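This is model_7.cif (mmCIF, C-alpha atoms).
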data_target
#
loop_
_atom_site.label_atom_id
_atom_site.label_comp_id
_atom_site.auth_asym_id
_atom_site.auth_seq_id
_atom_site.Cartn_x
_atom_site.Cartn_y
_atom_site.Cartn_z
CA MET D 1 -10.89 -27.89 16.32
CA SER D 2 -13.51 -28.33 19.04
CA GLU D 3 -10.89 -28.47 21.79
CA TYR D 4 -10.09 -24.80 21.10
CA ASN D 5 -13.64 -23.50 20.97
CA THR D 6 -13.74 -22.43 24.59
CA THR D 7 -16.70 -20.27 25.59
CA ASP D 8 -16.65 -20.11 29.43
CA PHE D 9 -13.95 -17.51 29.99
CA THR D 10 -13.42 -13.79 30.13
CA ASN D 11 -10.43 -11.94 28.67
CA PRO D 12 -8.21 -14.93 27.81
CA SER D 13 -4.48 -14.72 28.42
CA THR D 14 -3.87 -16.46 25.10
CA PHE D 15 -5.50 -16.70 21.70
CA ILE D 16 -5.48 -19.69 19.37
CA LEU D 17 -4.42 -19.01 15.78
CA GLN D 18 -6.28 -21.45 13.58
CA GLY D 19 -3.99 -21.19 10.56
CA ILE D 20 -5.97 -21.75 7.34
CA PRO D 21 -9.44 -22.90 8.52
CA GLY D 22 -10.62 -26.03 6.75
CA LEU D 23 -7.17 -26.78 5.36
CA GLU D 24 -5.45 -27.91 8.56
CA LYS D 25 -4.45 -31.25 7.02
CA ALA D 26 -2.66 -29.40 4.22
CA HIS D 27 -0.73 -27.05 6.51
CA VAL D 28 2.59 -28.78 5.85
CA TRP D 29 2.15 -28.40 2.10
CA ILE D 30 0.92 -24.81 2.45
CA SER D 31 4.06 -24.04 4.46
CA ILE D 32 6.29 -24.74 1.43
CA PRO D 33 5.27 -21.65 -0.62
CA PHE D 34 5.07 -19.58 2.57
CA CYS D 35 8.61 -20.54 3.57
CA THR D 36 9.82 -19.93 0.02
CA MET D 37 8.26 -16.45 0.06
CA TYR D 38 9.97 -15.70 3.37
CA ILE D 39 13.39 -16.74 2.06
CA ILE D 40 12.97 -14.75 -1.18
CA ALA D 41 11.77 -11.66 0.72
CA ILE D 42 14.65 -11.79 3.22
CA LEU D 43 17.37 -12.41 0.63
CA GLY D 44 15.89 -9.91 -1.84
CA SER D 45 15.50 -7.10 0.70
CA PHE D 46 19.00 -7.57 2.12
CA THR D 47 20.40 -7.69 -1.42
CA ILE D 48 18.73 -4.35 -2.25
CA LEU D 49 20.12 -2.79 0.95
CA PHE D 50 23.61 -4.16 0.28
CA ILE D 51 23.74 -3.01 -3.36
CA VAL D 52 22.48 0.50 -2.61
CA LYS D 53 24.99 0.84 0.24
CA MET D 54 27.94 -0.38 -1.84
CA GLU D 55 27.14 1.41 -5.11
CA GLN D 56 27.86 5.13 -4.85
CA SER D 57 25.88 5.92 -8.02
CA LEU D 58 22.71 4.60 -6.32
CA HIS D 59 22.87 7.16 -3.51
CA GLU D 60 19.84 8.99 -4.87
CA PRO D 61 16.32 9.67 -3.49
CA MET D 62 14.70 6.87 -5.52
CA TYR D 63 17.05 4.26 -4.04
CA TYR D 64 16.86 5.71 -0.52
CA PHE D 65 13.10 5.24 -0.69
CA LEU D 66 13.67 1.73 -2.06
CA CYS D 67 15.82 0.95 1.00
CA MET D 68 13.03 2.21 3.28
CA LEU D 69 10.66 -0.11 1.40
CA ALA D 70 13.05 -3.05 1.86
CA VAL D 71 13.25 -2.45 5.64
CA THR D 72 9.46 -2.20 5.82
CA ASP D 73 9.10 -5.47 3.91
CA LEU D 74 11.51 -7.19 6.29
CA VAL D 75 9.51 -6.09 9.32
CA VAL D 76 6.14 -7.11 7.81
CA HIS D 77 7.40 -10.60 6.97
CA THR D 78 9.32 -11.10 10.21
CA SER D 79 6.31 -9.97 12.26
CA SER D 80 4.04 -12.58 10.73
CA LEU D 81 5.72 -15.47 8.93
CA PRO D 82 7.77 -17.12 11.74
CA LYS D 83 4.58 -17.63 13.77
CA MET D 84 2.72 -18.87 10.68
CA LEU D 85 5.43 -21.43 9.98
CA SER D 86 5.40 -22.59 13.61
CA ILE D 87 1.64 -23.22 13.23
CA PHE D 88 2.10 -25.11 9.96
CA TRP D 89 5.10 -27.17 11.10
CA PHE D 90 4.70 -27.67 14.87
CA ASN D 91 0.98 -26.97 15.45
CA SER D 92 2.08 -24.16 17.79
CA ARG D 93 -1.18 -22.26 17.72
CA GLU D 94 -1.17 -20.40 21.03
CA ILE D 95 -0.17 -16.75 21.16
CA ASP D 96 -0.11 -14.56 24.25
CA PHE D 97 -2.72 -11.78 24.30
CA SER D 98 -0.08 -9.03 24.53
CA ALA D 99 2.04 -10.72 21.85
CA CYS D 100 -1.04 -10.87 19.60
CA LEU D 101 -1.67 -7.13 20.02
CA THR D 102 2.03 -6.42 19.41
CA GLN D 103 1.99 -8.46 16.21
CA MET D 104 -1.21 -6.70 15.13
CA TYR D 105 0.41 -3.31 15.74
CA PHE D 106 3.61 -4.04 13.81
CA ILE D 107 1.82 -5.59 10.82
CA HIS D 108 -0.68 -2.76 10.38
CA CYS D 109 1.83 -0.03 11.29
CA PHE D 110 4.33 -1.12 8.65
CA LEU D 111 1.62 -1.64 6.02
CA VAL D 112 0.66 2.01 6.53
CA MET D 113 4.36 2.94 6.30
CA GLU D 114 4.65 0.96 3.06
CA SER D 115 1.75 2.91 1.60
CA GLY D 116 3.46 6.16 2.63
CA ILE D 117 6.73 5.08 1.02
CA PHE D 118 4.92 4.32 -2.24
CA LEU D 119 3.49 7.85 -2.12
CA ALA D 120 6.96 9.30 -1.51
CA MET D 121 8.34 7.29 -4.44
CA ALA D 122 5.51 8.54 -6.66
CA PHE D 123 6.39 12.11 -5.67
CA ASP D 124 10.05 11.43 -6.50
CA ARG D 125 9.11 10.11 -9.97
CA TYR D 126 6.74 13.05 -10.51
CA VAL D 127 9.47 15.61 -9.79
CA ALA D 128 12.09 13.65 -11.78
CA ILE D 129 9.92 13.38 -14.91
CA CYS D 130 7.72 16.50 -14.81
CA HIS D 131 10.30 18.91 -13.33
CA PRO D 132 13.69 17.29 -14.01
CA LEU D 133 15.73 20.48 -13.57
CA ARG D 134 14.37 20.95 -10.06
CA HIS D 135 14.75 17.35 -8.90
CA SER D 136 18.18 17.74 -7.27
CA THR D 137 17.12 20.91 -5.45
CA VAL D 138 13.68 19.68 -4.34
CA LEU D 139 14.63 16.18 -3.17
CA THR D 140 17.84 16.81 -1.27
CA ASN D 141 19.13 14.31 1.30
CA PRO D 142 17.68 16.30 4.25
CA VAL D 143 14.29 16.43 2.52
CA VAL D 144 14.38 12.67 1.88
CA ALA D 145 15.25 12.09 5.55
CA LYS D 146 12.33 14.30 6.65
CA ILE D 147 9.94 12.45 4.34
CA GLY D 148 11.15 9.12 5.78
CA LEU D 149 10.67 10.43 9.34
CA ALA D 150 7.17 11.71 8.47
CA VAL D 151 6.23 8.29 7.03
CA LEU D 152 7.56 6.59 10.18
CA LEU D 153 5.74 8.91 12.58
CA ARG D 154 2.50 8.74 10.62
CA GLY D 155 2.51 4.94 10.68
CA THR D 156 3.32 4.64 14.38
CA ILE D 157 0.82 7.30 15.50
CA VAL D 158 -2.10 6.39 13.21
CA ILE D 159 -2.03 2.69 14.17
CA LEU D 160 -1.36 3.21 17.89
CA PRO D 161 -5.08 3.43 18.87
CA ILE D 162 -5.86 0.07 17.23
CA PRO D 163 -4.18 -2.23 19.82
CA PHE D 164 -5.23 0.07 22.69
CA LEU D 165 -8.87 -0.15 21.62
CA ALA D 166 -8.58 -3.92 21.10
CA ARG D 167 -7.13 -4.34 24.60
CA GLN D 168 -10.09 -2.70 26.32
CA TRP D 169 -12.78 -5.00 24.90
CA PRO D 170 -14.01 -8.02 26.90
CA TYR D 171 -13.46 -11.33 25.09
CA CYS D 172 -15.93 -13.99 26.19
CA ARG D 173 -17.11 -15.74 23.03
CA THR D 174 -14.11 -17.75 21.85
CA ASN D 175 -10.35 -17.34 21.79
CA VAL D 176 -9.94 -18.89 18.32
CA ILE D 177 -8.74 -16.51 15.60
CA PRO D 178 -9.52 -17.92 12.13
CA GLN D 179 -6.23 -16.64 10.74
CA PRO D 180 -2.53 -17.59 10.96
CA TYR D 181 -1.75 -14.11 12.37
CA CYS D 182 -3.47 -11.48 14.54
CA ALA D 183 -5.34 -9.31 12.05
CA HIS D 184 -7.20 -6.37 13.57
CA ILE D 185 -10.72 -7.19 12.42
CA SER D 186 -10.31 -10.91 13.23
CA VAL D 187 -9.39 -10.14 16.85
CA VAL D 188 -12.04 -7.44 17.38
CA ASN D 189 -14.76 -9.74 16.02
CA LEU D 190 -14.15 -12.04 19.01
CA ALA D 191 -15.13 -9.34 21.52
CA CYS D 192 -18.51 -9.57 23.26
CA ALA D 193 -19.10 -5.81 23.31
CA ASP D 194 -20.06 -2.99 20.98
CA THR D 195 -16.82 -2.62 19.01
CA ARG D 196 -18.08 -0.10 16.47
CA ILE D 197 -15.44 2.42 17.52
CA SER D 198 -12.70 -0.07 16.56
CA SER D 199 -14.44 -0.84 13.27
CA TYR D 200 -14.93 2.85 12.49
CA TYR D 201 -11.33 3.67 13.31
CA GLY D 202 -10.09 0.80 11.13
CA LEU D 203 -12.29 2.13 8.32
CA PHE D 204 -10.86 5.63 8.90
CA VAL D 205 -7.31 4.30 8.50
CA LEU D 206 -8.31 2.46 5.31
CA LEU D 207 -10.17 5.38 3.72
CA CYS D 208 -8.35 8.45 4.99
CA VAL D 209 -4.79 7.08 5.01
CA MET D 210 -4.32 4.14 2.64
CA ASN D 211 -6.94 5.18 0.07
CA LEU D 212 -5.85 8.81 0.23
CA ASP D 213 -2.30 7.69 -0.54
CA ALA D 214 -3.63 5.71 -3.50
CA ILE D 215 -5.50 8.77 -4.79
CA PHE D 216 -2.40 10.98 -4.57
CA ILE D 217 -0.35 8.26 -6.29
CA ALA D 218 -2.95 8.05 -9.07
CA VAL D 219 -2.87 11.84 -9.50
CA SER D 220 0.95 11.78 -9.62
CA TYR D 221 0.99 9.08 -12.28
CA THR D 222 -1.66 10.86 -14.32
CA GLN D 223 0.68 13.85 -14.50
CA ILE D 224 3.69 11.58 -15.15
CA LEU D 225 1.98 9.76 -18.03
CA ARG D 226 0.84 13.08 -19.55
CA ALA D 227 4.45 14.30 -19.45
CA ILE D 228 5.75 11.04 -20.93
CA PHE D 229 3.31 10.96 -23.85
CA SER D 230 4.05 14.59 -24.65
CA LEU D 231 7.71 13.71 -25.40
CA PRO D 232 8.61 14.08 -29.08
CA THR D 233 10.07 10.65 -29.88
CA LYS D 234 9.05 7.08 -29.17
CA ASP D 235 12.50 6.19 -27.80
CA ALA D 236 12.34 9.06 -25.32
CA ARG D 237 8.87 7.97 -24.20
CA LEU D 238 9.94 4.34 -23.71
CA LYS D 239 13.12 5.31 -21.86
CA THR D 240 11.28 7.65 -19.50
CA LEU D 241 8.48 5.15 -18.95
CA GLY D 242 11.08 2.54 -18.03
CA THR D 243 12.33 4.70 -15.14
CA CYS D 244 8.97 4.45 -13.36
CA SER D 245 7.62 1.09 -14.57
CA SER D 246 9.10 -0.86 -11.63
CA HIS D 247 7.45 1.49 -9.17
CA LEU D 248 4.13 1.18 -10.99
CA PHE D 249 4.28 -2.63 -10.87
CA VAL D 250 4.96 -2.80 -7.11
CA ILE D 251 2.19 -0.26 -6.42
CA LEU D 252 -0.30 -2.42 -8.34
CA ALA D 253 0.95 -5.53 -6.48
CA PHE D 254 0.30 -3.73 -3.17
CA TYR D 255 -3.08 -2.11 -3.81
CA ILE D 256 -4.91 -4.53 -6.13
CA PRO D 257 -4.99 -7.53 -3.70
CA GLY D 258 -6.12 -5.13 -0.95
CA LEU D 259 -8.95 -3.81 -3.13
CA PHE D 260 -9.95 -7.35 -4.11
CA LEU D 261 -9.92 -8.42 -0.43
CA SER D 262 -12.05 -5.44 0.61
CA LEU D 263 -14.63 -6.12 -2.12
CA MET D 264 -14.70 -9.83 -1.31
CA TYR D 265 -15.38 -9.22 2.39
CA ARG D 266 -18.32 -6.97 1.51
CA PHE D 267 -19.93 -8.70 -1.47
CA ALA D 268 -18.74 -12.33 -1.59
CA GLN D 269 -20.31 -13.67 1.60
CA ASN D 270 -20.68 -17.20 0.18
CA VAL D 271 -16.96 -17.58 -0.53
CA PRO D 272 -15.39 -20.26 1.75
CA LEU D 273 -13.55 -18.94 4.80
CA HIS D 274 -10.25 -20.53 3.80
CA PHE D 275 -10.33 -18.60 0.51
CA HIS D 276 -10.81 -15.31 2.41
CA VAL D 277 -7.86 -16.19 4.64
CA LEU D 278 -5.62 -17.17 1.73
CA ILE D 279 -6.36 -13.90 -0.11
CA ALA D 280 -5.63 -11.95 3.09
CA ASN D 281 -2.29 -13.74 3.35
CA VAL D 282 -1.47 -13.01 -0.30
CA TYR D 283 -2.16 -9.31 0.37
CA LEU D 284 0.14 -9.38 3.40
CA LEU D 285 2.99 -11.57 2.13
CA MET D 286 3.22 -11.19 -1.65
CA PRO D 287 4.33 -7.53 -1.98
CA PRO D 288 7.51 -8.03 0.14
CA VAL D 289 8.40 -10.92 -2.19
CA LEU D 290 7.67 -9.06 -5.43
CA ASN D 291 9.25 -5.72 -4.49
CA PRO D 292 12.94 -6.78 -4.51
CA VAL D 293 12.38 -9.15 -7.45
CA ILE D 294 10.72 -6.49 -9.62
CA TYR D 295 13.26 -3.81 -8.73
CA GLY D 296 16.14 -6.25 -9.16
CA VAL D 297 14.99 -7.41 -12.59
CA ARG D 298 13.65 -4.16 -14.03
CA THR D 299 16.06 -1.56 -12.60
CA LYS D 300 19.16 -1.52 -14.79
CA GLN D 301 21.50 0.00 -12.17
CA ILE D 302 20.63 -2.65 -9.57
CA ARG D 303 20.71 -5.48 -12.12
CA ASP D 304 24.11 -4.42 -13.48
CA ARG D 305 25.61 -4.03 -10.00
CA LEU D 306 24.36 -7.48 -9.02
CA LEU D 307 25.78 -9.04 -12.18
CA ARG D 308 29.14 -7.36 -11.58
CA PHE D 309 29.20 -8.65 -8.01
CA PHE D 310 28.65 -12.28 -9.07
CA THR D 311 31.01 -11.94 -12.05
CA HIS D 312 33.83 -10.68 -9.83
CA LYS D 313 33.19 -13.47 -7.32
CA GLY D 314 33.28 -16.01 -10.14
CA THR D 315 36.64 -14.77 -11.36
#
Could you express the structure from this file as structure tokens?
Amino acid sequence: MSEYNTTDFTNPSTFILQGIPGLEKAHVWISIPFCTMYIIAILGSFTILFIVKMEQSLHEPMYYFLCMLAVTDLVVHTSSLPKMLSIFWFNSREIDFSACLTQMYFIHCFLVMESGIFLAMAFDRYVAICHPLRHSTVLTNPVVAKIGLAVLLRGTIVILPIPFLARQWPYCRTNVIPQPYCAHISVVNLACADTRISSYYGLFVLLCVMNLDAIFIAVSYTQILRAIFSLPTKDARLKTLGTCSSHLFVILAFYIPGLFLSLMYRFAQNVPLHFHVLIANVYLLMPPVLNPVIYGVRTKQIRDRLLRFFTHKGT
């Protein structure tokens, strides 16, 4: 990769995405699971959107939030994976500086939105299980729309300073990003200036937005589990637990890789760079694959509607 390690320049017009450092010879093979994940995420998300639109009984807050999650997953994957696959298949590593900042913005913006949607879904399950008689009056369609708008505005506004700060730094060390996409910290680390304000702001977003969402979700599920285990019969407990198990699985799939990645960056300095990059890609790409699969398999209404659709087509 020596031909890319340019040092005599200031503020390059393009960056070079390295893909998976140290595994360049395996890029074609690595592209197979990445491409498979992209196909599953696209088909799964569109299937969720189609089923919820067609099935009148699914026009409820839980499924509206699920549709928001599907749209968010589509944007996260489409913002990152096409460029990754072009690197793996065609060695197309260059990315324009503005395009890099745009990709950075969309990826981080919609990850924050995804966290907000998980919080909204946790609130929906909390009201449905802990205050079932008030659910239809608390979570009306206008309220759901306002929550969706708040999640959208929060994501767009909170992440907006990140590309603006990244744009102002001088870049004179190298233009090689050791990632297959423009991650915030990977780009800022290339700057030859004091970038602590960018680092601090990124930490603020992580701690005061994403982690705060996780805390509120944990509090919601503590109350939900207390309500479930206070039910009189085992069947009632299992049935109620089943209504929120899918949501719990996708939350764990979203937050656990992020926690593992954060701990690894801070305490596992001797771990090879390609392992760091692969874990970062799992954190970015795996939740949009798992979300429609988990909801499709574990949510009875969606599963039944999908089976009816294929059964009618078969007949």
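Taking CA of Glu114 (chain D) as the reference point, CA of Leu69 (chain D) is found at 6.3 Å.
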Using all atoms listed in the file, which residues sit within 9 Å of Leu74 (chain D) once same-chain residues fewer than 5 positions away are excluded, as a PDB file with C-alpha atoms, in the frame of the given file?
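Saved result, part-v2.pdb, follows:
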ATOM      1  CA  ALA D  41      11.770 -11.660   0.720  1.00  0.00           C
ATOM      2  CA  ILE D  42      14.650 -11.790   3.220  1.00  0.00           C
ATOM      3  CA  SER D  45      15.500  -7.100   0.700  1.00  0.00           C
ATOM      4  CA  PHE D  46      19.000  -7.570   2.120  1.00  0.00           C
ATOM      5  CA  LEU D  69      10.660  -0.110   1.400  1.00  0.00           C
ATOM      6  CA  SER D  79       6.310  -9.970  12.260  1.00  0.00           C
ATOM      7  CA  PRO D 288       7.510  -8.030   0.140  1.00  0.00           C
TER       8      PRO D 288
END
Selection near region 211-219 of chain D, 10 Å with all atoms listed in the file, sequence-local residues under 5 positions removed, as an NGL selection string: :D and (112 or 115-123 or 126 or 204-206 or 224 or 248 or 251 or 255 or 259)
Output as a Markdown table one row per residue of region 10-43 of chain D within 7 Å of region 174-193 of chain D: the closest atom pair and its distance in Å to one decimal place, counting only C-alpha atoms, sorted by chain and residue number ascending.
| residue | atom | partner | partner_atom | distance |
| --- | --- | --- | --- | --- |
| D:Pro12 | CA | D:Asn175 | CA | 6.8 |
| D:Phe15 | CA | D:Asn175 | CA | 4.9 |
| D:Ile16 | CA | D:Val176 | CA | 4.7 |
| D:Leu17 | CA | D:Ile177 | CA | 5.0 |
| D:Gln18 | CA | D:Pro178 | CA | 5.0 |
| D:Gly19 | CA | D:Pro180 | CA | 3.9 |
| D:Ile20 | CA | D:Gln179 | CA | 6.1 |
| D:Pro21 | CA | D:Pro178 | CA | 6.2 |
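Within the 8 Å cut-off around Pro257 (chain D), using all atoms listed in the file and omitting residues fewer than 5 positions from it on the same chain, the listed residues are Ile279, Val282 and Tyr283 of chain D.
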Picked residues, the PyMOL selection byres ((chain D and resi 130-145) around 8), expected as a count of residues only: 15
Separation of CA of His77 (chain D) from CA of Pro292 (chain D), in Å and rounded to one decimal: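 So the two atoms, CA of His77 (chain D) and CA of Pro292 (chain D), lie 13.3 Å apart.
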Separation of CA of Leu307 (chain D) from CA of Ser246 (chain D) in Å: 18.6 Å
Among the residues D:Arg298, D:Arg154, D:Arg93, D:Lys53, the one that comes closest to Val250 (chain D) [using only C-alpha atoms]: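 Closest to Val250 (chain D), using only C-alpha atoms: D:Arg298.
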Result set, the PyMOL selection byres ((chain D and resi 110) around 10) on current file, as an NGL selection string: :D and (69 or 71-76 or 79 or 105-109 or 111-116 or 151-152 or 155-156 or 159)
Explicit residue set for the PyMOL selection byres ((chain D and resi 81) around 10), as a JSON list (two decimals) with C-alpha atoms, in the coordinates of the input:
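Saved to out03.json:
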[["chain", "number", "residue", "atom", "x", "y", "z"],
["D", 31, "SER", "CA", 4.06, -24.04, 4.46],
["D", 34, "PHE", "CA", 5.07, -19.58, 2.57],
["D", 35, "CYS", "CA", 8.61, -20.54, 3.57],
["D", 37, "MET", "CA", 8.26, -16.45, 0.06],
["D", 38, "TYR", "CA", 9.97, -15.70, 3.37],
["D", 76, "VAL", "CA", 6.14, -7.11, 7.81],
["D", 77, "HIS", "CA", 7.40, -10.60, 6.97],
["D", 78, "THR", "CA", 9.32, -11.10, 10.21],
["D", 79, "SER", "CA", 6.31, -9.97, 12.26],
["D", 80, "SER", "CA", 4.04, -12.58, 10.73],
["D", 82, "PRO", "CA", 7.77, -17.12, 11.74],
["D", 83, "LYS", "CA", 4.58, -17.63, 13.77],
["D", 84, "MET", "CA", 2.72, -18.87, 10.68],
["D", 85, "LEU", "CA", 5.43, -21.43, 9.98],
["D", 86, "SER", "CA", 5.40, -22.59, 13.61],
["D", 87, "ILE", "CA", 1.64, -23.22, 13.23],
["D", 180, "PRO", "CA", -2.53, -17.59, 10.96],
["D", 181, "TYR", "CA", -1.75, -14.11, 12.37],
["D", 281, "ASN", "CA", -2.29, -13.74, 3.35],
["D", 284, "LEU", "CA", 0.14, -9.38, 3.40],
["D", 285, "LEU", "CA", 2.99, -11.57, 2.13]]
Kindly reconstruct region 242-253 of chain D with N, CA, C and O atoms and present the result as a PDB file, in the coordinates of the input.
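Listing of selection25.pdb after writing:
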ATOM      1  N   GLY D 242      10.329   3.597 -18.696  1.00  0.00           N
ATOM      2  CA  GLY D 242      11.080   2.540 -18.030  1.00  0.00           C
ATOM      3  C   GLY D 242      11.602   2.939 -16.667  1.00  0.00           C
ATOM      4  O   GLY D 242      11.783   2.078 -15.789  1.00  0.00           O
ATOM      5  N   THR D 243      11.812   4.251 -16.443  1.00  0.00           N
ATOM      6  CA  THR D 243      12.330   4.700 -15.140  1.00  0.00           C
ATOM      7  C   THR D 243      11.290   4.598 -14.030  1.00  0.00           C
ATOM      8  O   THR D 243      11.644   4.599 -12.855  1.00  0.00           O
ATOM      9  N   CYS D 244      10.004   4.527 -14.406  1.00  0.00           N
ATOM     10  CA  CYS D 244       8.970   4.450 -13.360  1.00  0.00           C
ATOM     11  C   CYS D 244       8.131   3.178 -13.451  1.00  0.00           C
ATOM     12  O   CYS D 244       7.197   3.002 -12.669  1.00  0.00           O
ATOM     13  N   SER D 245       8.439   2.293 -14.396  1.00  0.00           N
ATOM     14  CA  SER D 245       7.620   1.090 -14.570  1.00  0.00           C
ATOM     15  C   SER D 245       7.727   0.149 -13.375  1.00  0.00           C
ATOM     16  O   SER D 245       6.732  -0.456 -12.956  1.00  0.00           O
ATOM     17  N   SER D 246       8.934   0.018 -12.793  1.00  0.00           N
ATOM     18  CA  SER D 246       9.100  -0.860 -11.630  1.00  0.00           C
ATOM     19  C   SER D 246       8.232  -0.392 -10.476  1.00  0.00           C
ATOM     20  O   SER D 246       7.554  -1.194  -9.811  1.00  0.00           O
ATOM     21  N   HIS D 247       8.259   0.926 -10.243  1.00  0.00           N
ATOM     22  CA  HIS D 247       7.450   1.490  -9.170  1.00  0.00           C
ATOM     23  C   HIS D 247       5.965   1.253  -9.411  1.00  0.00           C
ATOM     24  O   HIS D 247       5.213   0.902  -8.487  1.00  0.00           O
ATOM     25  N   LEU D 248       5.539   1.394 -10.643  1.00  0.00           N
ATOM     26  CA  LEU D 248       4.130   1.180 -10.990  1.00  0.00           C
ATOM     27  C   LEU D 248       3.716  -0.264 -10.747  1.00  0.00           C
ATOM     28  O   LEU D 248       2.632  -0.534 -10.217  1.00  0.00           O
ATOM     29  N   PHE D 249       4.580  -1.207 -11.085  1.00  0.00           N
ATOM     30  CA  PHE D 249       4.280  -2.630 -10.870  1.00  0.00           C
ATOM     31  C   PHE D 249       4.117  -2.954  -9.382  1.00  0.00           C
ATOM     32  O   PHE D 249       3.188  -3.663  -8.998  1.00  0.00           O
ATOM     33  N   VAL D 250       5.039  -2.454  -8.539  1.00  0.00           N
ATOM     34  CA  VAL D 250       4.960  -2.800  -7.110  1.00  0.00           C
ATOM     35  C   VAL D 250       3.765  -2.113  -6.446  1.00  0.00           C
ATOM     36  O   VAL D 250       3.171  -2.665  -5.508  1.00  0.00           O
ATOM     37  N   ILE D 251       3.383  -0.925  -6.933  1.00  0.00           N
ATOM     38  CA  ILE D 251       2.190  -0.260  -6.420  1.00  0.00           C
ATOM     39  C   ILE D 251       0.948  -1.100  -6.720  1.00  0.00           C
ATOM     40  O   ILE D 251       0.093  -1.329  -5.859  1.00  0.00           O
ATOM     41  N   LEU D 252       0.845  -1.584  -7.960  1.00  0.00           N
ATOM     42  CA  LEU D 252      -0.300  -2.420  -8.340  1.00  0.00           C
ATOM     43  C   LEU D 252      -0.313  -3.715  -7.526  1.00  0.00           C
ATOM     44  O   LEU D 252      -1.381  -4.169  -7.107  1.00  0.00           O
ATOM     45  N   ALA D 253       0.864  -4.293  -7.273  1.00  0.00           N
ATOM     46  CA  ALA D 253       0.950  -5.530  -6.480  1.00  0.00           C
ATOM     47  C   ALA D 253       0.525  -5.287  -5.038  1.00  0.00           C
ATOM     48  O   ALA D 253       0.060  -6.214  -4.358  1.00  0.00           O
TER      49      ALA D 253
END
